[in-house]
Amino acid sequence: MAASAAAADKSSTYFPLAGCVDDGWSKEDEATATCFCGAVQLAFVSLAPESDHPYTREKPANSLFSLRLPPKISISSALTPHPNPQPTQGPGLVDSFICNCTDCRKITASMFASNFTVADTHLKHLRGRANLTTFSQSRSIASGNNMTNYFCSTCGTLMYRVSSAFPEQSILRIGTVDDFHLHETKLKPTAEQFIESRVGWLNGVEGVKQVRGSH
């Protein structure tokens, strides 16, 4: 029987039983994120090694291609392919943070969201792009910007969000990343925002910047 998450060695790659498929993988600077049923799988460039700054590290050309879906205005199936895939360049992982805003609490059906933002030049769809369904709205977004949510139409997993304020970045969920070692290390949040909306029976995340409103 596989070791539980609590007893597992988290000092190296770790792929527990978490969903219906087990074909996720991770490399030094690239890893997969998969929905619960396995129909949708993404690959992203993860945070650079500690010796390299993630905002200045030069990425090898043609190692990963952008296939970001264009934002939608209403509920629809995300079927249209990106017309001009581009080779990777510039920063990959932009941010990693906890959000307690009321919108994130509702959209995740939980008390907070654990997010990481990836530049679309460093994100690709390995499978299931036609299985994504989108829903867009701005009513509950604190900034007033339009937010488009991309869900697996089979299992309902929220794979990522795209804000109209940052149309070339995708906000993924840390929990969708297949290698749980990355949750503990490279994708560990650096900030916790909207702490004024945090539920009273949870404490702030230790060791990260605490921010009222958006950081």
# chains A, B, ... in the order shown; residues from 1 in each chain; ligands from 1
call {"tool": "closest_atom_pairs", "arguments": {"of": "segment 168-194 of chain A", "to": "segment 203-207 of chain A", "cutoff": "10 Å", "atoms": "only C-alpha atoms", "output": "JSON lines"}}
result
{"residue": "A:Pro189", "atom": "CA", "partner": "A:Val205", "partner_atom": "CA", "distance": 8.7}
{"residue": "A:Thr190", "atom": "CA", "partner": "A:Gly207", "partner_atom": "CA", "distance": 8.1}
{"residue": "A:Ala191", "atom": "CA", "partner": "A:Val205", "partner_atom": "CA", "distance": 8.4}
{"residue": "A:Glu192", "atom": "CA", "partner": "A:Val205", "partner_atom": "CA", "distance": 7.0}
{"residue": "A:Gln193", "atom": "CA", "partner": "A:Gly204", "partner_atom": "CA", "distance": 9.8}
call {"tool": "write_last_selection", "arguments": {"atoms": "N, CA, C and O atoms", "output": "PDB file, in the first residue's frame"}}
result
ATOM      1  N   PRO A 189       3.599  29.097  -1.645  1.00  0.00           N
ATOM      2  CA  PRO A 189       3.202  30.510  -1.762  1.00  0.00           C
ATOM      3  C   PRO A 189       4.184  31.453  -1.087  1.00  0.00           C
ATOM      4  O   PRO A 189       4.785  31.125  -0.057  1.00  0.00           O
ATOM      5  N   THR A 190       4.331  32.624  -1.683  1.00  0.00           N
ATOM      6  CA  THR A 190       5.180  33.665  -1.109  1.00  0.00           C
ATOM      7  C   THR A 190       4.355  34.768  -0.461  1.00  0.00           C
ATOM      8  O   THR A 190       4.920  35.640   0.200  1.00  0.00           O
ATOM      9  N   ALA A 191       3.043  34.745  -0.662  1.00  0.00           N
ATOM     10  CA  ALA A 191       2.167  35.771  -0.083  1.00  0.00           C
ATOM     11  C   ALA A 191       0.790  35.184   0.162  1.00  0.00           C
ATOM     12  O   ALA A 191       0.376  34.229  -0.502  1.00  0.00           O
ATOM     13  N   GLU A 192       0.096  35.758   1.121  1.00  0.00           N
ATOM     14  CA  GLU A 192      -1.307  35.424   1.377  1.00  0.00           C
ATOM     15  C   GLU A 192      -2.093  36.720   1.321  1.00  0.00           C
ATOM     16  O   GLU A 192      -1.813  37.656   2.071  1.00  0.00           O
ATOM     17  N   GLN A 193      -3.057  36.797   0.403  1.00  0.00           N
ATOM     18  CA  GLN A 193      -3.771  38.048   0.189  1.00  0.00           C
ATOM     19  C   GLN A 193      -5.225  37.976   0.635  1.00  0.00           C
ATOM     20  O   GLN A 193      -5.749  36.902   0.913  1.00  0.00           O
TER      21      GLN A 193
END
call {"tool": "residues_around", "arguments": {"residues": "segment 151-157 of chain A", "least_positions_apart": "2", "cutoff": "12 Å", "atoms": "only C-alpha atoms", "output": "PyMOL selection string"}}
result
chain A and resi 19-20+33-42+75-78+107-109+127-136+148-149+159-162+172-173+175-176
call {"tool": "residues_around", "arguments": {"residues": "Glu184 of chain A", "least_positions_apart": "2", "cutoff": "12 Å", "atoms": "only C-alpha atoms", "output": "PDB file with N, CA, C and O atoms, in the first residue's frame"}}
result
ATOM      1  N   ALA A   5       0.185  10.694   2.550  1.00  0.00           N
ATOM      2  CA  ALA A   5       0.872  11.968   2.324  1.00  0.00           C
ATOM      3  C   ALA A   5       1.629  12.407   3.552  1.00  0.00           C
ATOM      4  O   ALA A   5       2.714  12.979   3.471  1.00  0.00           O
ATOM      5  N   ASP A   9       7.982  10.686   2.024  1.00  0.00           N
ATOM      6  CA  ASP A   9       9.196  11.474   1.925  1.00  0.00           C
ATOM      7  C   ASP A   9       8.961  12.586   0.917  1.00  0.00           C
ATOM      8  O   ASP A   9       8.855  12.344  -0.287  1.00  0.00           O
ATOM      9  N   LYS A  10       8.876  13.821   1.409  1.00  0.00           N
ATOM     10  CA  LYS A  10       8.570  14.953   0.548  1.00  0.00           C
ATOM     11  C   LYS A  10       9.824  15.674   0.067  1.00  0.00           C
ATOM     12  O   LYS A  10       9.740  16.766  -0.489  1.00  0.00           O
ATOM     13  N   SER A  11      10.985  15.063   0.275  1.00  0.00           N
ATOM     14  CA  SER A  11      12.230  15.689  -0.140  1.00  0.00           C
ATOM     15  C   SER A  11      12.561  15.423  -1.601  1.00  0.00           C
ATOM     16  O   SER A  11      13.546  15.935  -2.119  1.00  0.00           O
ATOM     17  N   SER A  12      11.747  14.611  -2.271  1.00  0.00           N
ATOM     18  CA  SER A  12      11.951  14.320  -3.687  1.00  0.00           C
ATOM     19  C   SER A  12      10.592  14.201  -4.353  1.00  0.00           C
ATOM     20  O   SER A  12       9.555  14.361  -3.710  1.00  0.00           O
ATOM     21  N   THR A  13      10.573  13.922  -5.647  1.00  0.00           N
ATOM     22  CA  THR A  13       9.313  13.821  -6.363  1.00  0.00           C
ATOM     23  C   THR A  13       8.379  12.842  -5.675  1.00  0.00           C
ATOM     24  O   THR A  13       8.803  11.790  -5.186  1.00  0.00           O
ATOM     25  N   TYR A  14       7.104  13.180  -5.645  1.00  0.00           N
ATOM     26  CA  TYR A  14       6.116  12.387  -4.906  1.00  0.00           C
ATOM     27  C   TYR A  14       4.786  12.464  -5.640  1.00  0.00           C
ATOM     28  O   TYR A  14       4.215  13.537  -5.787  1.00  0.00           O
ATOM     29  N   SER A  96       3.221  32.913  -6.833  1.00  0.00           N
ATOM     30  CA  SER A  96       2.574  31.807  -6.131  1.00  0.00           C
ATOM     31  C   SER A  96       1.998  32.369  -4.843  1.00  0.00           C
ATOM     32  O   SER A  96       2.735  32.968  -4.052  1.00  0.00           O
ATOM     33  N   ILE A 174      -2.465  25.168  -7.380  1.00  0.00           N
ATOM     34  CA  ILE A 174      -1.352  24.330  -6.946  1.00  0.00           C
ATOM     35  C   ILE A 174      -1.790  22.880  -6.780  1.00  0.00           C
ATOM     36  O   ILE A 174      -1.044  21.954  -7.109  1.00  0.00           O
ATOM     37  N   GLY A 175      -3.022  22.662  -6.310  1.00  0.00           N
ATOM     38  CA  GLY A 175      -3.501  21.309  -6.080  1.00  0.00           C
ATOM     39  C   GLY A 175      -3.628  20.455  -7.317  1.00  0.00           C
ATOM     40  O   GLY A 175      -3.725  19.218  -7.217  1.00  0.00           O
ATOM     41  N   VAL A 177      -1.277  20.243  -9.591  1.00  0.00           N
ATOM     42  CA  VAL A 177       0.072  19.822  -9.972  1.00  0.00           C
ATOM     43  C   VAL A 177       0.308  18.398  -9.480  1.00  0.00           C
ATOM     44  O   VAL A 177       0.108  18.083  -8.307  1.00  0.00           O
ATOM     45  N   ASP A 179       3.063  16.418  -9.163  1.00  0.00           N
ATOM     46  CA  ASP A 179       4.163  16.143  -8.250  1.00  0.00           C
ATOM     47  C   ASP A 179       3.951  16.941  -6.969  1.00  0.00           C
ATOM     48  O   ASP A 179       4.160  18.150  -6.925  1.00  0.00           O
ATOM     49  N   PHE A 180       3.547  16.251  -5.897  1.00  0.00           N
ATOM     50  CA  PHE A 180       3.245  16.935  -4.646  1.00  0.00           C
ATOM     51  C   PHE A 180       4.490  17.527  -3.990  1.00  0.00           C
ATOM     52  O   PHE A 180       4.375  18.387  -3.106  1.00  0.00           O
ATOM     53  N   HIS A 181       5.672  17.090  -4.403  1.00  0.00           N
ATOM     54  CA  HIS A 181       6.900  17.688  -3.885  1.00  0.00           C
ATOM     55  C   HIS A 181       6.976  19.167  -4.261  1.00  0.00           C
ATOM     56  O   HIS A 181       7.473  19.999  -3.472  1.00  0.00           O
ATOM     57  N   LEU A 182       6.450  19.512  -5.429  1.00  0.00           N
ATOM     58  CA  LEU A 182       6.460  20.907  -5.864  1.00  0.00           C
ATOM     59  C   LEU A 182       5.556  21.772  -4.994  1.00  0.00           C
ATOM     60  O   LEU A 182       5.800  22.974  -4.843  1.00  0.00           O
ATOM     61  N   LYS A 186       9.022  24.455  -4.803  1.00  0.00           N
ATOM     62  CA  LYS A 186       9.052  25.517  -5.794  1.00  0.00           C
ATOM     63  C   LYS A 186       7.753  26.305  -5.895  1.00  0.00           C
ATOM     64  O   LYS A 186       7.767  27.476  -6.270  1.00  0.00           O
ATOM     65  N   LEU A 187       6.618  25.662  -5.599  1.00  0.00           N
ATOM     66  CA  LEU A 187       5.324  26.333  -5.723  1.00  0.00           C
ATOM     67  C   LEU A 187       4.777  26.814  -4.378  1.00  0.00           C
ATOM     68  O   LEU A 187       3.633  27.270  -4.304  1.00  0.00           O
ATOM     69  N   LYS A 188       5.572  26.718  -3.337  1.00  0.00           N
ATOM     70  CA  LYS A 188       5.118  27.193  -2.031  1.00  0.00           C
ATOM     71  C   LYS A 188       4.777  28.680  -2.122  1.00  0.00           C
ATOM     72  O   LYS A 188       5.565  29.473  -2.645  1.00  0.00           O
ATOM     73  N   PRO A 189       3.599  29.097  -1.645  1.00  0.00           N
ATOM     74  CA  PRO A 189       3.202  30.510  -1.762  1.00  0.00           C
ATOM     75  C   PRO A 189       4.184  31.453  -1.087  1.00  0.00           C
ATOM     76  O   PRO A 189       4.785  31.125  -0.057  1.00  0.00           O
ATOM     77  N   THR A 190       4.331  32.624  -1.683  1.00  0.00           N
ATOM     78  CA  THR A 190       5.180  33.665  -1.109  1.00  0.00           C
ATOM     79  C   THR A 190       4.355  34.768  -0.461  1.00  0.00           C
ATOM     80  O   THR A 190       4.920  35.640   0.200  1.00  0.00           O
TER      81      THR A 190
END
